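To be precise, the following lines are entry_21.cif, and they hold mmCIF, C-alpha atoms.
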```cif
data_model
#
loop_
_atom_site.label_atom_id
_atom_site.label_comp_id
_atom_site.auth_asym_id
_atom_site.auth_seq_id
_atom_site.Cartn_x
_atom_site.Cartn_y
_atom_site.Cartn_z
CA MET A 203 41.81 -6.22 39.70
CA PRO A 204 38.13 -5.16 39.32
CA ILE A 205 36.05 -6.80 36.59
CA HIS A 206 33.78 -4.47 34.60
CA ILE A 207 30.62 -6.06 33.25
CA ARG A 208 28.56 -4.18 30.67
CA LEU A 209 24.85 -4.70 31.21
CA THR A 210 22.60 -4.41 28.17
CA ARG A 211 19.04 -3.27 28.92
CA MET A 212 16.43 -5.24 27.01
CA ARG A 213 14.49 -2.88 24.75
CA ARG A 214 10.72 -2.93 24.93
CA ILE A 215 8.82 -4.70 22.16
CA LYS A 216 5.51 -2.99 21.41
CA ARG A 217 2.69 -5.18 20.11
CA TRP A 218 0.57 -3.65 17.35
CA HIS A 219 -2.31 -4.74 15.14
CA LYS A 220 -2.59 -8.21 13.59
CA ASN A 221 0.62 -9.61 15.12
CA SER A 222 2.68 -6.64 13.94
CA MET A 223 5.20 -5.34 16.45
CA TYR A 224 8.09 -2.93 16.73
CA ILE A 225 10.95 -1.63 18.78
CA GLU A 226 11.09 2.17 18.75
CA PRO A 227 11.77 4.38 16.93
CA LEU A 228 8.96 3.73 14.47
CA SER A 229 8.76 5.58 11.16
CA PRO A 230 6.16 8.38 11.00
CA GLY A 231 5.26 6.85 7.65
CA CYS A 232 4.24 3.58 9.31
CA LYS A 233 2.08 5.46 11.81
CA LEU A 234 0.24 7.20 8.98
CA CYS A 235 -0.16 3.93 7.06
CA GLU A 236 -1.87 2.47 10.11
CA LYS A 237 -4.39 5.33 9.95
CA GLY A 238 -4.95 4.74 6.23
CA SER A 239 -3.80 8.31 5.57
CA LYS A 240 -0.90 7.54 3.23
CA LEU A 241 -1.39 7.98 -0.51
CA VAL A 242 0.33 5.15 -2.40
CA LEU A 243 1.93 6.76 -5.44
CA LEU A 244 3.45 4.29 -7.90
CA VAL A 245 5.54 6.47 -10.20
CA THR A 246 6.74 3.69 -12.51
CA GLY A 247 6.73 -0.08 -12.83
CA LEU A 248 10.29 -0.06 -14.18
CA CYS A 249 13.02 -1.40 -11.90
CA PRO A 250 16.70 -2.36 -12.38
CA ALA A 251 16.50 -5.07 -9.71
CA SER A 252 15.10 -8.56 -10.23
CA CYS A 253 13.96 -9.66 -6.77
CA PHE A 254 12.40 -13.13 -6.92
CA TYR A 255 9.79 -12.15 -4.35
CA CYS A 256 8.59 -8.95 -6.10
CA PRO A 257 4.76 -8.93 -5.78
CA LEU A 258 4.04 -6.21 -8.36
CA SER A 259 1.11 -7.09 -10.65
CA GLU A 260 1.35 -7.82 -14.36
CA LYS A 261 -0.35 -4.54 -15.29
CA LYS A 262 2.40 -2.59 -13.50
CA ARG A 263 5.54 -4.72 -13.50
CA GLY A 264 8.09 -3.66 -16.10
CA LYS A 265 5.78 -0.96 -17.46
CA ASP A 266 6.22 2.79 -17.17
CA VAL A 267 2.79 3.40 -15.65
CA ILE A 268 1.66 5.72 -12.85
CA TYR A 269 -1.00 5.05 -10.22
CA ALA A 270 -2.33 7.17 -7.36
CA ASP A 271 -3.66 4.35 -5.17
CA GLU A 272 -5.88 2.45 -7.66
CA TRP A 273 -6.33 5.43 -9.98
CA LYS A 274 -4.28 5.17 -13.19
CA LEU A 275 -2.90 8.42 -14.58
CA ASP A 276 -3.14 9.07 -18.31
CA ASP A 277 0.47 10.28 -18.31
CA GLU A 278 2.96 11.98 -15.98
CA ARG A 279 1.27 15.37 -16.51
CA ASP A 280 -2.08 14.05 -15.25
CA THR A 281 -1.34 15.39 -11.76
CA ASP A 282 -4.91 16.42 -10.92
CA LYS A 283 -5.66 12.77 -10.13
CA ILE A 284 -2.81 12.65 -7.62
CA LEU A 285 -4.11 15.70 -5.79
CA ARG A 286 -7.74 14.56 -5.99
CA GLU A 287 -6.93 11.08 -4.64
CA ALA A 288 -4.98 12.63 -1.77
CA GLU A 289 -7.98 14.81 -0.96
CA LEU A 290 -10.45 11.92 -1.13
CA ILE A 291 -8.54 9.83 1.41
CA GLU A 292 -7.69 12.95 3.46
CA ALA A 293 -4.03 12.01 3.10
CA GLU A 294 -1.44 13.16 5.60
CA GLY A 295 1.43 11.74 3.60
CA ALA A 296 2.48 9.65 0.62
CA GLY A 297 4.55 6.55 -0.02
CA ILE A 298 6.29 6.79 -3.39
CA THR A 299 6.93 3.37 -4.85
CA GLY A 300 7.52 1.38 -8.03
CA GLY A 301 9.27 -0.31 -9.69
CA ASP A 302 12.01 2.03 -8.61
CA PRO A 303 11.21 5.75 -8.34
CA LEU A 304 14.88 6.67 -8.88
CA ILE A 305 14.63 5.39 -12.46
CA VAL A 306 12.32 8.36 -13.13
CA TRP A 307 13.90 10.66 -10.55
CA LYS A 308 12.89 13.90 -12.28
CA ARG A 309 9.24 12.80 -12.32
CA THR A 310 9.57 11.73 -8.70
CA LYS A 311 11.07 15.08 -7.72
CA ASP A 312 8.22 16.93 -9.45
CA TYR A 313 5.63 14.86 -7.59
CA ILE A 314 7.33 15.44 -4.23
CA SER A 315 7.31 19.19 -4.90
CA LEU A 316 3.68 19.04 -6.04
CA LEU A 317 2.55 17.30 -2.86
CA LYS A 318 4.52 19.55 -0.54
CA GLU A 319 3.28 22.70 -2.28
CA ASN A 320 -0.35 21.60 -2.05
CA PHE A 321 -0.45 19.95 1.37
CA GLY A 322 2.35 21.62 3.30
CA GLU A 323 5.73 20.72 4.76
CA ASP A 324 4.18 18.40 7.38
CA PHE A 325 2.88 16.12 4.61
CA HIS A 326 5.20 13.13 5.20
CA ILE A 327 6.72 11.54 2.09
CA HIS A 328 8.71 8.33 2.09
CA LEU A 329 10.18 6.55 -0.92
CA TYR A 330 11.18 2.95 -1.72
CA THR A 331 14.19 2.19 -3.90
CA SER A 332 16.60 -0.56 -4.85
CA GLY A 333 19.31 2.14 -4.88
CA ILE A 334 21.06 0.51 -7.84
CA LYS A 335 20.74 3.30 -10.42
CA GLU A 336 20.42 7.11 -10.35
CA PHE A 337 21.19 7.16 -6.61
CA GLU A 338 23.33 10.27 -7.10
CA HIS A 339 20.03 12.17 -7.41
CA VAL A 340 18.91 11.40 -3.84
CA PRO A 341 20.01 14.93 -2.75
CA ASP A 342 17.71 16.38 -5.45
CA LEU A 343 14.76 14.51 -3.97
CA VAL A 344 15.64 15.57 -0.43
CA SER A 345 15.84 19.20 -1.55
CA ALA A 346 12.30 18.83 -2.97
CA GLY A 347 11.03 17.67 0.44
CA LEU A 348 11.59 13.90 0.72
CA ASP A 349 11.35 12.92 4.41
CA GLU A 350 12.38 9.25 4.38
CA ILE A 351 14.12 6.89 1.96
CA ARG A 352 13.78 3.11 2.33
CA PHE A 353 16.34 0.88 0.62
CA HIS A 354 15.71 -2.67 -0.61
CA PRO A 355 19.08 -4.46 -0.65
CA MET A 356 19.01 -7.77 -2.51
CA PRO A 357 19.19 -10.87 -0.25
CA ILE A 358 22.58 -11.95 -1.63
CA TYR A 359 24.15 -8.95 0.15
CA TRP A 360 22.33 -9.02 3.50
CA LYS A 361 25.20 -10.88 5.14
CA ASP A 362 27.88 -8.60 3.70
CA MET A 363 26.57 -5.13 2.89
CA GLU A 364 30.11 -3.84 2.39
CA ARG A 365 30.01 -5.59 -1.01
CA SER A 366 26.55 -4.34 -1.85
CA PRO A 367 26.18 -2.14 -4.96
CA ILE A 368 23.85 0.13 -2.96
CA LYS A 369 26.35 0.87 -0.19
CA LYS A 370 27.28 4.12 -1.94
CA ALA A 371 23.63 5.13 -2.26
CA ILE A 372 23.10 4.58 1.46
CA GLU A 373 26.23 6.58 2.31
CA ILE A 374 25.04 9.50 0.16
CA SER A 375 21.62 9.41 1.82
CA LEU A 376 23.08 9.32 5.34
CA ARG A 377 24.78 12.65 4.63
CA GLU A 378 21.44 14.25 3.72
CA ASP A 379 18.67 15.63 5.92
CA VAL A 380 16.45 12.59 5.44
CA ASP A 381 15.56 9.51 7.50
CA VAL A 382 17.34 6.49 6.03
CA ALA A 383 15.75 3.06 6.44
CA ILE A 384 15.99 -0.53 5.20
CA GLU A 385 12.91 -2.53 4.21
CA ILE A 386 13.01 -6.22 3.31
CA PRO A 387 10.78 -9.30 3.41
CA ALA A 388 11.28 -11.71 6.30
CA ILE A 389 12.40 -14.72 4.25
CA PRO A 390 12.23 -18.02 6.16
CA GLY A 391 15.65 -19.63 6.48
CA MET A 392 17.54 -16.33 6.22
CA ARG A 393 17.59 -15.48 9.91
CA GLU A 394 21.39 -15.17 10.12
CA GLU A 395 21.54 -12.89 7.07
CA ILE A 396 18.76 -10.64 8.41
CA VAL A 397 20.42 -10.35 11.82
CA ASP A 398 23.71 -9.38 10.17
CA LEU A 399 21.89 -6.77 8.09
CA ILE A 400 20.25 -5.29 11.20
CA ARG A 401 23.59 -5.02 13.01
CA TRP A 402 25.27 -3.47 9.98
CA SER A 403 22.41 -0.96 9.64
CA ASP A 404 22.70 0.03 13.28
CA GLU A 405 26.44 0.59 12.97
CA ARG A 406 25.90 2.89 9.97
CA GLY A 407 23.32 5.06 11.74
CA ILE A 408 20.28 3.86 9.79
CA ARG A 409 17.11 4.94 11.61
CA TRP A 410 14.98 1.81 11.35
CA ILE A 411 14.51 -1.45 9.51
CA ASN A 412 11.15 -2.83 8.42
CA LEU A 413 10.57 -6.57 8.09
CA ASN A 414 7.55 -7.40 5.95
CA GLU A 415 5.76 -10.73 5.98
CA LEU A 416 6.63 -12.46 2.71
CA GLU A 417 3.57 -12.94 0.48
CA PHE A 418 2.56 -14.88 -2.61
CA SER A 419 1.24 -12.89 -5.57
CA GLU A 420 0.25 -13.74 -9.14
CA THR A 421 3.70 -12.71 -10.36
CA ASN A 422 6.00 -14.26 -7.75
CA ALA A 423 4.12 -17.47 -6.90
CA GLU A 424 6.07 -19.69 -9.31
CA LYS A 425 9.46 -18.56 -8.00
CA LEU A 426 8.40 -18.89 -4.37
CA ILE A 427 7.12 -22.42 -4.99
CA GLU A 428 10.39 -23.30 -6.76
CA ARG A 429 12.20 -22.34 -3.55
CA GLY A 430 9.98 -24.60 -1.47
CA PHE A 431 7.75 -21.96 0.14
CA ASP A 432 4.10 -22.60 0.99
CA VAL A 433 1.15 -20.51 2.18
CA LYS A 434 0.63 -20.43 5.94
CA ASP A 435 -3.12 -21.18 5.78
CA GLU A 436 -6.05 -21.45 3.38
CA ILE A 437 -7.21 -17.84 3.71
CA SER A 438 -3.86 -16.06 3.51
CA ALA A 439 -1.32 -15.31 0.79
CA ALA A 440 1.42 -15.03 3.40
CA VAL A 441 4.35 -17.44 3.32
CA LEU A 442 4.55 -20.12 5.99
CA GLY A 443 7.29 -19.36 8.51
CA SER A 444 7.85 -15.71 7.53
CA GLU A 445 6.03 -14.26 10.54
CA GLU A 446 7.70 -16.64 12.98
CA GLU A 447 11.11 -15.71 11.57
CA ALA A 448 10.45 -11.99 11.94
CA ILE A 449 9.09 -12.22 15.49
CA SER A 450 11.98 -14.41 16.59
CA ILE A 451 14.49 -11.93 15.14
CA ILE A 452 12.86 -8.96 16.90
CA GLU A 453 12.86 -10.84 20.21
CA GLU A 454 16.57 -11.58 19.77
CA MET A 455 17.47 -8.03 18.71
CA ALA A 456 15.62 -6.58 21.70
CA LYS A 457 18.37 -8.05 23.90
CA GLU A 458 21.17 -6.27 22.02
CA ASP A 459 22.47 -2.74 22.55
CA LEU A 460 21.12 -1.28 19.32
CA SER A 461 19.75 2.18 18.54
CA LEU A 462 17.74 1.62 15.35
CA GLY A 463 14.04 0.80 15.31
CA ILE A 464 12.84 -2.59 14.09
CA HIS A 465 9.30 -3.07 12.79
CA TYR A 466 7.57 -6.26 11.70
CA CYS A 467 4.58 -5.62 9.41
CA SER A 468 2.25 -8.57 8.90
CA SER A 469 0.31 -9.33 5.74
CA SER A 470 -2.99 -9.04 7.61
CA PHE A 471 -1.94 -5.62 8.95
CA LYS A 472 -1.72 -4.33 5.38
CA ASP A 473 -5.12 -5.74 4.41
CA ALA A 474 -7.21 -5.51 7.56
CA ILE A 475 -5.82 -2.26 8.97
CA GLN A 476 -3.93 -0.16 6.43
CA LEU A 477 -6.10 -0.82 3.33
CA ARG A 478 -9.35 -0.97 5.29
CA ASN A 479 -8.74 2.38 6.98
CA ARG A 480 -7.76 3.99 3.68
CA ILE A 481 -10.89 2.85 1.86
CA LYS A 482 -13.07 3.92 4.79
CA ARG A 483 -11.57 7.40 4.54
CA ARG A 484 -12.30 7.44 0.80
CA ALA A 485 -15.77 5.94 1.13
CA LYS A 486 -17.13 8.76 3.28
CA ASN A 487 -15.99 11.28 0.66
CA VAL A 488 -17.22 9.51 -2.48
CA ALA A 489 -20.41 7.77 -1.33
CA LYS A 490 -23.50 8.98 -3.17
CA PRO A 491 -26.88 9.47 -1.46
CA PHE A 492 -28.10 6.14 -2.85
CA GLU A 493 -25.10 4.15 -1.56
CA ILE A 494 -24.67 2.58 1.88
CA VAL A 495 -21.18 2.51 3.39
CA SER A 496 -20.52 -0.82 5.13
CA ASP A 497 -18.50 -1.24 8.31
CA GLU A 498 -15.60 -2.33 6.09
CA GLY A 499 -15.79 0.83 3.99
CA LEU A 500 -17.38 -0.88 0.97
CA LEU A 501 -20.21 0.71 -1.01
CA ILE A 502 -23.54 -1.14 -1.20
CA LYS A 503 -25.90 -0.18 -4.02
CA GLY A 504 -28.69 -1.51 -6.18
CA VAL A 505 -27.87 -2.30 -9.81
CA ILE A 506 -30.23 -2.84 -12.73
CA GLU A 507 -28.56 -4.31 -15.80
CA VAL A 508 -30.01 -2.22 -18.65
CA GLU A 509 -27.95 -0.31 -21.20
CA SER A 510 -30.50 2.34 -22.10
CA LYS A 511 -30.46 5.62 -20.20
CA SER A 512 -34.12 6.13 -21.09
CA PHE A 513 -34.97 3.22 -18.78
CA LEU A 514 -33.90 5.39 -15.85
CA ASP A 515 -36.44 8.06 -16.74
CA MET A 516 -39.18 5.44 -16.94
CA LEU A 517 -38.27 4.08 -13.49
CA ARG A 518 -38.29 7.53 -11.92
CA ARG A 519 -41.76 8.28 -13.29
CA ARG A 520 -43.27 4.87 -12.56
CA TYR A 521 -42.02 4.56 -8.96
CA GLU A 522 -41.61 8.27 -8.11
CA ILE A 523 -37.93 7.80 -7.25
CA PRO A 524 -36.13 10.94 -6.03
CA GLU A 525 -33.52 12.16 -8.49
CA ASP A 526 -30.62 11.83 -6.01
CA LEU A 527 -31.40 8.16 -5.31
CA ILE A 528 -30.93 6.85 -8.85
CA ARG A 529 -28.49 7.47 -11.70
CA PHE A 530 -27.27 6.00 -14.97
CA ASP A 531 -23.62 4.87 -14.86
CA LEU A 532 -22.18 5.67 -18.28
CA GLU A 533 -18.95 3.78 -17.57
CA LYS A 534 -20.57 0.48 -16.65
CA ARG A 535 -23.75 1.02 -18.72
CA ARG A 536 -26.24 0.27 -15.97
CA VAL A 537 -28.73 1.92 -13.63
CA GLU A 538 -27.55 2.39 -10.04
CA ILE A 539 -30.19 2.90 -7.40
CA ALA A 540 -30.68 2.98 -3.64
CA PRO A 541 -30.69 -0.68 -2.50
CA TRP A 542 -33.69 -0.17 -0.21
CA ILE A 543 -35.74 1.09 -3.15
CA LEU A 544 -34.60 -1.69 -5.47
CA GLU A 545 -35.60 -4.34 -2.94
CA GLU A 546 -39.15 -2.96 -3.04
CA ILE A 547 -39.47 -2.91 -6.83
CA ALA A 548 -37.34 -5.93 -7.83
CA ASP A 549 -40.27 -8.39 -7.92
CA ASP A 550 -42.19 -6.08 -10.21
CA LEU A 551 -39.20 -5.67 -12.57
CA ALA A 552 -38.57 -9.41 -12.55
CA LYS A 553 -41.92 -9.89 -14.28
CA GLU A 554 -40.41 -7.98 -17.21
CA LYS A 555 -37.33 -10.23 -17.06
CA ILE A 556 -35.13 -7.38 -15.86
CA LYS A 557 -32.27 -8.52 -13.64
CA CYS A 558 -31.68 -6.63 -10.41
CA TYR A 559 -28.78 -6.99 -8.01
CA ILE A 560 -27.45 -5.74 -4.73
CA VAL A 561 -23.78 -5.02 -5.38
CA GLU A 562 -20.90 -4.42 -2.98
CA GLU A 563 -17.78 -2.72 -4.34
CA TYR A 564 -14.69 -0.86 -3.22
CA PRO A 565 -14.91 2.95 -3.09
CA THR A 566 -11.61 3.09 -4.98
CA ALA A 567 -11.04 4.50 -8.46
CA ASP A 568 -11.16 1.03 -10.04
CA ARG A 569 -14.49 0.27 -8.28
CA LEU A 570 -13.61 -3.39 -7.82
CA GLU A 571 -16.78 -5.44 -7.26
CA VAL A 572 -16.56 -7.94 -4.41
CA GLU A 573 -20.11 -9.31 -4.18
CA ARG A 574 -23.27 -9.43 -6.25
CA ILE A 575 -26.65 -10.79 -5.05
CA LEU A 576 -29.45 -11.43 -7.52
CA LEU A 577 -32.87 -10.21 -6.37
CA SER A 578 -35.91 -12.33 -7.32
#
```
Structure translated into structure tokens:
Amino acid sequence: MPIHIRLTRMRRIKRWHKNSMYIEPLSPGCKLCEKGSKLVLLVTGLCPASCFYCPLSEKKRGKDVIYADEWKLDDERDTDKILREAELIEAEGAGITGGDPLIVWKRTKDYISLLKENFGEDFHIHLYTSGIKEFEHVPDLVSAGLDEIRFHPMPIYWKDMERSPIKKAIEISLREDVDVAIEIPAIPGMREEIVDLIRWSDERGIRWINLNELEFSETNAEKLIERGFDVKDEISAAVLGSEEEAISIIEEMAKEDLSLGIHYCSSSFKDAIQLRNRIKRRAKNVAKPFEIVSDEGLLIKGVIEVESKSFLDMLRRRYEIPEDLIRFDLEKRRVEIAPWILEEIADDLAKEKIKCYIVEEYPTADRLEVERILLS
């Protein structure tokens, strides 16, 4: 009697930036994130889940706030900022996040429609959700143009998704014209649970699963420490062992006869590739004539700490400074000036006990300052 042996072809693992890797298919959303061309639209900080690893900051967590990247909206009608931010980073898509966007599903639907109407049907929109509440409105979001929905099942259910409260939400989504995905952190010590989740997802026809490197933040650090986790090195917020767990799982899954894509996204990928490329895109569109754009996409400028706008007029007359190379910043109450000009006049101003600095800051809406050097 002949013996039939089924041979499983090992799927190719593709290496990406900063130790990230994937087995195809890869989400179009991830490809756009890599380019820095995804607008991050936080539609609320409210969420029905209570994941111990949630990294959301104190200013957003549990609060009904809205941010387009780092730009806070005054209220949900303040949509001009969403469109302007998308233009400034030359966005090709958006990731709608929270909190949980389904909690404010009507607002989320309006924003999806807004983005599609202004940037076209090819503008790729993906959404993150716990899927616990308001999941019956997923079809409404798909009808507005949602391209991909990523579910965050809680770790307690990874080994047995049939008991998960979001099973129904996933089933509803799988019947819609939308890519359905799972996204979770690669938690050290939960290898078996993650493998079971991947196999379950493949059986249900889920398109891909994203494994993120687990990270410490100001809001989850205490709970991660309580569970015995540690940082992997002195310069990273990533959790020791998370990356190794994810890579090992992908290498194992590559040997199985699965159809779904598996993507490991490292912490350094998010910072050194995704964020860096996004701020470089924004920098070239917001940089003023007196600012230098660094290789990292940061803005370098001269700063004179004086609160009087009349001081600017005096400087322009005394040193014959072109109008486009100096300005008074009303928000920060200071003079901003071309750094090459300030370096020439700083010694002279120091005699009048006026402090001058070379400042480096992000080109983002919050203008986060990262370095300040005192001249003279």
Record the distance separating CA of Cys235 (chain A) and CA of Glu446 (chain A), expressed in Å with one decimal. 22.8 Å
Near-region 458-472 of chain A list (8 Å; only C-alpha atoms; drop same-chain fewer than 5 positions) as a ChimeraX atom specification: /A:210-213,219-228,401,403-404,407-417,439-440,445,448-449,452,477
Apply the PyMOL selection byres ((chain A and resi 244) around 8) to the file shown and report the selected residues as a ChimeraX atom specification. /A:242-243,245-247,267-271,298-301,303
Spell out the residues picked by the PyMOL selection byres ((chain A and resi 489) around 12) here, as number ranges by chain. A: 290, 481-488, 490-496, 499-503, 526-527, 540, 563-566, 569
Tell me which of A:Glu278, A:His354, A:Pro387, A:Glu338 sits closest to Ser375 (chain A), counting all atoms listed in the file. A:Glu338
Shell around Glu573 (chain A) at 9 Å using only C-alpha atoms, local window under 6 positions removed, as a ChimeraX atom specification: /A:560-563
Any chance you could work out the residue set of the PyMOL selection byres ((chain A and resi 307) around 12) here, as JSON, numbers by chain? {"A": [245, 246, 248, 298, 299, 300, 301, 302, 303, 304, 305, 306, 308, 309, 310, 311, 312, 313, 314, 329, 331, 333, 335, 336, 337, 338, 339, 340, 341, 342, 343, 344, 346, 348]}
Hey, can you spit out that residue selection with C-alpha atoms as a compact mmCIF listing (two decimals), in the frame of the given file?
```txt
# COMPACT_ATOMS: atom_id res chain seq x y z
CA VAL A 245 5.54 6.47 -10.20
CA THR A 246 6.74 3.69 -12.51
CA LEU A 248 10.29 -0.06 -14.18
CA ILE A 298 6.29 6.79 -3.39
CA THR A 299 6.93 3.37 -4.85
CA GLY A 300 7.52 1.38 -8.03
CA GLY A 301 9.27 -0.31 -9.69
CA ASP A 302 12.01 2.03 -8.61
CA PRO A 303 11.21 5.75 -8.34
CA LEU A 304 14.88 6.67 -8.88
CA ILE A 305 14.63 5.39 -12.46
CA VAL A 306 12.32 8.36 -13.13
CA LYS A 308 12.89 13.90 -12.28
CA ARG A 309 9.24 12.80 -12.32
CA THR A 310 9.57 11.73 -8.70
CA LYS A 311 11.07 15.08 -7.72
CA ASP A 312 8.22 16.93 -9.45
CA TYR A 313 5.63 14.86 -7.59
CA ILE A 314 7.33 15.44 -4.23
CA LEU A 329 10.18 6.55 -0.92
CA THR A 331 14.19 2.19 -3.90
CA GLY A 333 19.31 2.14 -4.88
CA LYS A 335 20.74 3.30 -10.42
CA GLU A 336 20.42 7.11 -10.35
CA PHE A 337 21.19 7.16 -6.61
CA GLU A 338 23.33 10.27 -7.10
CA HIS A 339 20.03 12.17 -7.41
CA VAL A 340 18.91 11.40 -3.84
CA PRO A 341 20.01 14.93 -2.75
CA ASP A 342 17.71 16.38 -5.45
CA LEU A 343 14.76 14.51 -3.97
CA VAL A 344 15.64 15.57 -0.43
CA ALA A 346 12.30 18.83 -2.97
CA LEU A 348 11.59 13.90 0.72
```
Enclosing box along x, y and z for every listed atom of region 521-529 of chain A, padded 5 Å each side, centre and size in Å, one decimal, as lines of an AutoDock Vina configuration file:
```
center_x = -35.3
center_y = 8.4
center_z = -8.5
size_x = 23.5
size_y = 17.6
size_z = 16.4
```
Near-Gly430 (chain A) list (12 Å; all atoms listed in the file; drop same-chain fewer than 3 positions) as a list in words: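 What passes the distance filter is Ile389, Pro390, Gly391, Ala423, Glu424, Lys425, Leu426, Ile427, Val433, Val441, Leu442 and Gly443 of chain A.
Between CA of Ala456 (chain A) and CA of Ile327 (chain A) the interatomic distance comes to 28.1 Å.
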CA of Gly322 (chain A) to CA of Arg279 (chain A), distance in Å rounded to a single decimal: 20.8 Å
Got a sec to check which residues sit within 10 Å of (-38.1, -4.0, -11.6), counting only C-alpha atoms, and write them as a tab-separated table (two decimals) with C-alpha atoms, in the coordinates of the input?
```tsv
chain	number	residue	atom	x	y	z
A	506	ILE	CA	-30.23	-2.84	-12.73
A	517	LEU	CA	-38.27	4.08	-13.49
A	521	TYR	CA	-42.02	4.56	-8.96
A	544	LEU	CA	-34.60	-1.69	-5.47
A	545	GLU	CA	-35.60	-4.34	-2.94
A	546	GLU	CA	-39.15	-2.96	-3.04
A	547	ILE	CA	-39.47	-2.91	-6.83
A	548	ALA	CA	-37.34	-5.93	-7.83
A	549	ASP	CA	-40.27	-8.39	-7.92
A	550	ASP	CA	-42.19	-6.08	-10.21
A	551	LEU	CA	-39.20	-5.67	-12.57
A	552	ALA	CA	-38.57	-9.41	-12.55
A	553	LYS	CA	-41.92	-9.89	-14.28
A	554	GLU	CA	-40.41	-7.98	-17.21
A	555	LYS	CA	-37.33	-10.23	-17.06
A	556	ILE	CA	-35.13	-7.38	-15.86
A	557	LYS	CA	-32.27	-8.52	-13.64
A	558	CYS	CA	-31.68	-6.63	-10.41
A	577	LEU	CA	-32.87	-10.21	-6.37
A	578	SER	CA	-35.91	-12.33	-7.32
```
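Of the residues listed (A:Glu294, A:Glu436, A:Glu350, A:Asp473), A:Glu294 shows the shortest atom-to-atom separation from Phe325 (chain A); distances use only C-alpha atoms.
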May I have the residues within 8 Å of Ser332 (chain A) as a list in words, using all atoms listed in the file and disregarding those fewer than 2 positions away in the same chain?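 Here the answer would be Cys249, Pro250, Ala251, Asp302, Tyr330, Ile334, Lys335, Phe353, His354, Pro355, Met356 and Ile368 of chain A.
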Can those selected residues be exported to a file as a JSON list (two decimals), keeping the file's coordinate frame so that it contains C-alpha atoms?
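The result, written out as result_14.json:
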```
[["chain", "number", "residue", "atom", "x", "y", "z"],
["A", 249, "CYS", "CA", 13.02, -1.40, -11.90],
["A", 250, "PRO", "CA", 16.70, -2.36, -12.38],
["A", 251, "ALA", "CA", 16.50, -5.07, -9.71],
["A", 302, "ASP", "CA", 12.01, 2.03, -8.61],
["A", 330, "TYR", "CA", 11.18, 2.95, -1.72],
["A", 334, "ILE", "CA", 21.06, 0.51, -7.84],
["A", 335, "LYS", "CA", 20.74, 3.30, -10.42],
["A", 353, "PHE", "CA", 16.34, 0.88, 0.62],
["A", 354, "HIS", "CA", 15.71, -2.67, -0.61],
["A", 355, "PRO", "CA", 19.08, -4.46, -0.65],
["A", 356, "MET", "CA", 19.01, -7.77, -2.51],
["A", 368, "ILE", "CA", 23.85, 0.13, -2.96]]
```
Hey, which of A:Ile384, A:Ile215, A:Glu405, A:Glu323 ends up closest to Ile451 (chain A)? Count all atoms listed in the file.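 Of A:Ile384, A:Ile215, A:Glu405, A:Glu323, the one nearest Ile451 (chain A), counting all atoms listed in the file, is A:Ile215.
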Please provide as a ChimeraX atom specification all residues within 9 Å of Asn320 (chain A), with the sequence filter that same-chain residues fewer than 4 positions apart are discarded (counting all atoms listed in the file). /A:285,315-316
Mind writing the picked residues with C-alpha atoms as a short mmCIF file (atom, residue, chain, number, x, y, z; two decimals), in the coordinates of the input?
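The resulting file, part-v2.cif, is reproduced below:
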```
data_model
loop_
_atom_site.label_atom_id
_atom_site.label_comp_id
_atom_site.auth_asym_id
_atom_site.auth_seq_id
_atom_site.Cartn_x
_atom_site.Cartn_y
_atom_site.Cartn_z
CA LEU A 285 -4.11 15.70 -5.79
CA SER A 315 7.31 19.19 -4.90
CA LEU A 316 3.68 19.04 -6.04
#
```
N, CA, C and O atoms are needed for region 412-418 of chain A; please write them out as a PDB file, keeping the file's coordinate frame.
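Ended up saving to result23.pdb:
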```
ATOM      1  N   ASN A 412      12.481  -2.232   8.472  1.00  0.00           N
ATOM      2  CA  ASN A 412      11.150  -2.830   8.420  1.00  0.00           C
ATOM      3  C   ASN A 412      11.232  -4.238   7.844  1.00  0.00           C
ATOM      4  O   ASN A 412      11.821  -4.433   6.776  1.00  0.00           O
ATOM      5  N   LEU A 413      10.647  -5.185   8.553  1.00  0.00           N
ATOM      6  CA  LEU A 413      10.570  -6.570   8.090  1.00  0.00           C
ATOM      7  C   LEU A 413       9.121  -6.843   7.701  1.00  0.00           C
ATOM      8  O   LEU A 413       8.220  -6.783   8.535  1.00  0.00           O
ATOM      9  N   ASN A 414       8.902  -7.114   6.432  1.00  0.00           N
ATOM     10  CA  ASN A 414       7.550  -7.400   5.950  1.00  0.00           C
ATOM     11  C   ASN A 414       7.319  -8.898   5.851  1.00  0.00           C
ATOM     12  O   ASN A 414       8.219  -9.654   5.463  1.00  0.00           O
ATOM     13  N   GLU A 415       6.104  -9.315   6.170  1.00  0.00           N
ATOM     14  CA  GLU A 415       5.760 -10.730   5.980  1.00  0.00           C
ATOM     15  C   GLU A 415       5.788 -11.031   4.484  1.00  0.00           C
ATOM     16  O   GLU A 415       5.176 -10.321   3.677  1.00  0.00           O
ATOM     17  N   LEU A 416       6.519 -12.060   4.109  1.00  0.00           N
ATOM     18  CA  LEU A 416       6.630 -12.460   2.710  1.00  0.00           C
ATOM     19  C   LEU A 416       5.282 -12.977   2.223  1.00  0.00           C
ATOM     20  O   LEU A 416       4.607 -13.733   2.927  1.00  0.00           O
ATOM     21  N   GLU A 417       4.891 -12.568   1.004  1.00  0.00           N
ATOM     22  CA  GLU A 417       3.570 -12.940   0.480  1.00  0.00           C
ATOM     23  C   GLU A 417       3.663 -13.499  -0.939  1.00  0.00           C
ATOM     24  O   GLU A 417       4.510 -13.092  -1.736  1.00  0.00           O
ATOM     25  N   PHE A 418       2.743 -14.402  -1.239  1.00  0.00           N
ATOM     26  CA  PHE A 418       2.560 -14.880  -2.610  1.00  0.00           C
ATOM     27  C   PHE A 418       1.747 -13.843  -3.387  1.00  0.00           C
ATOM     28  O   PHE A 418       0.862 -13.185  -2.841  1.00  0.00           O
TER      29      PHE A 418
END
```
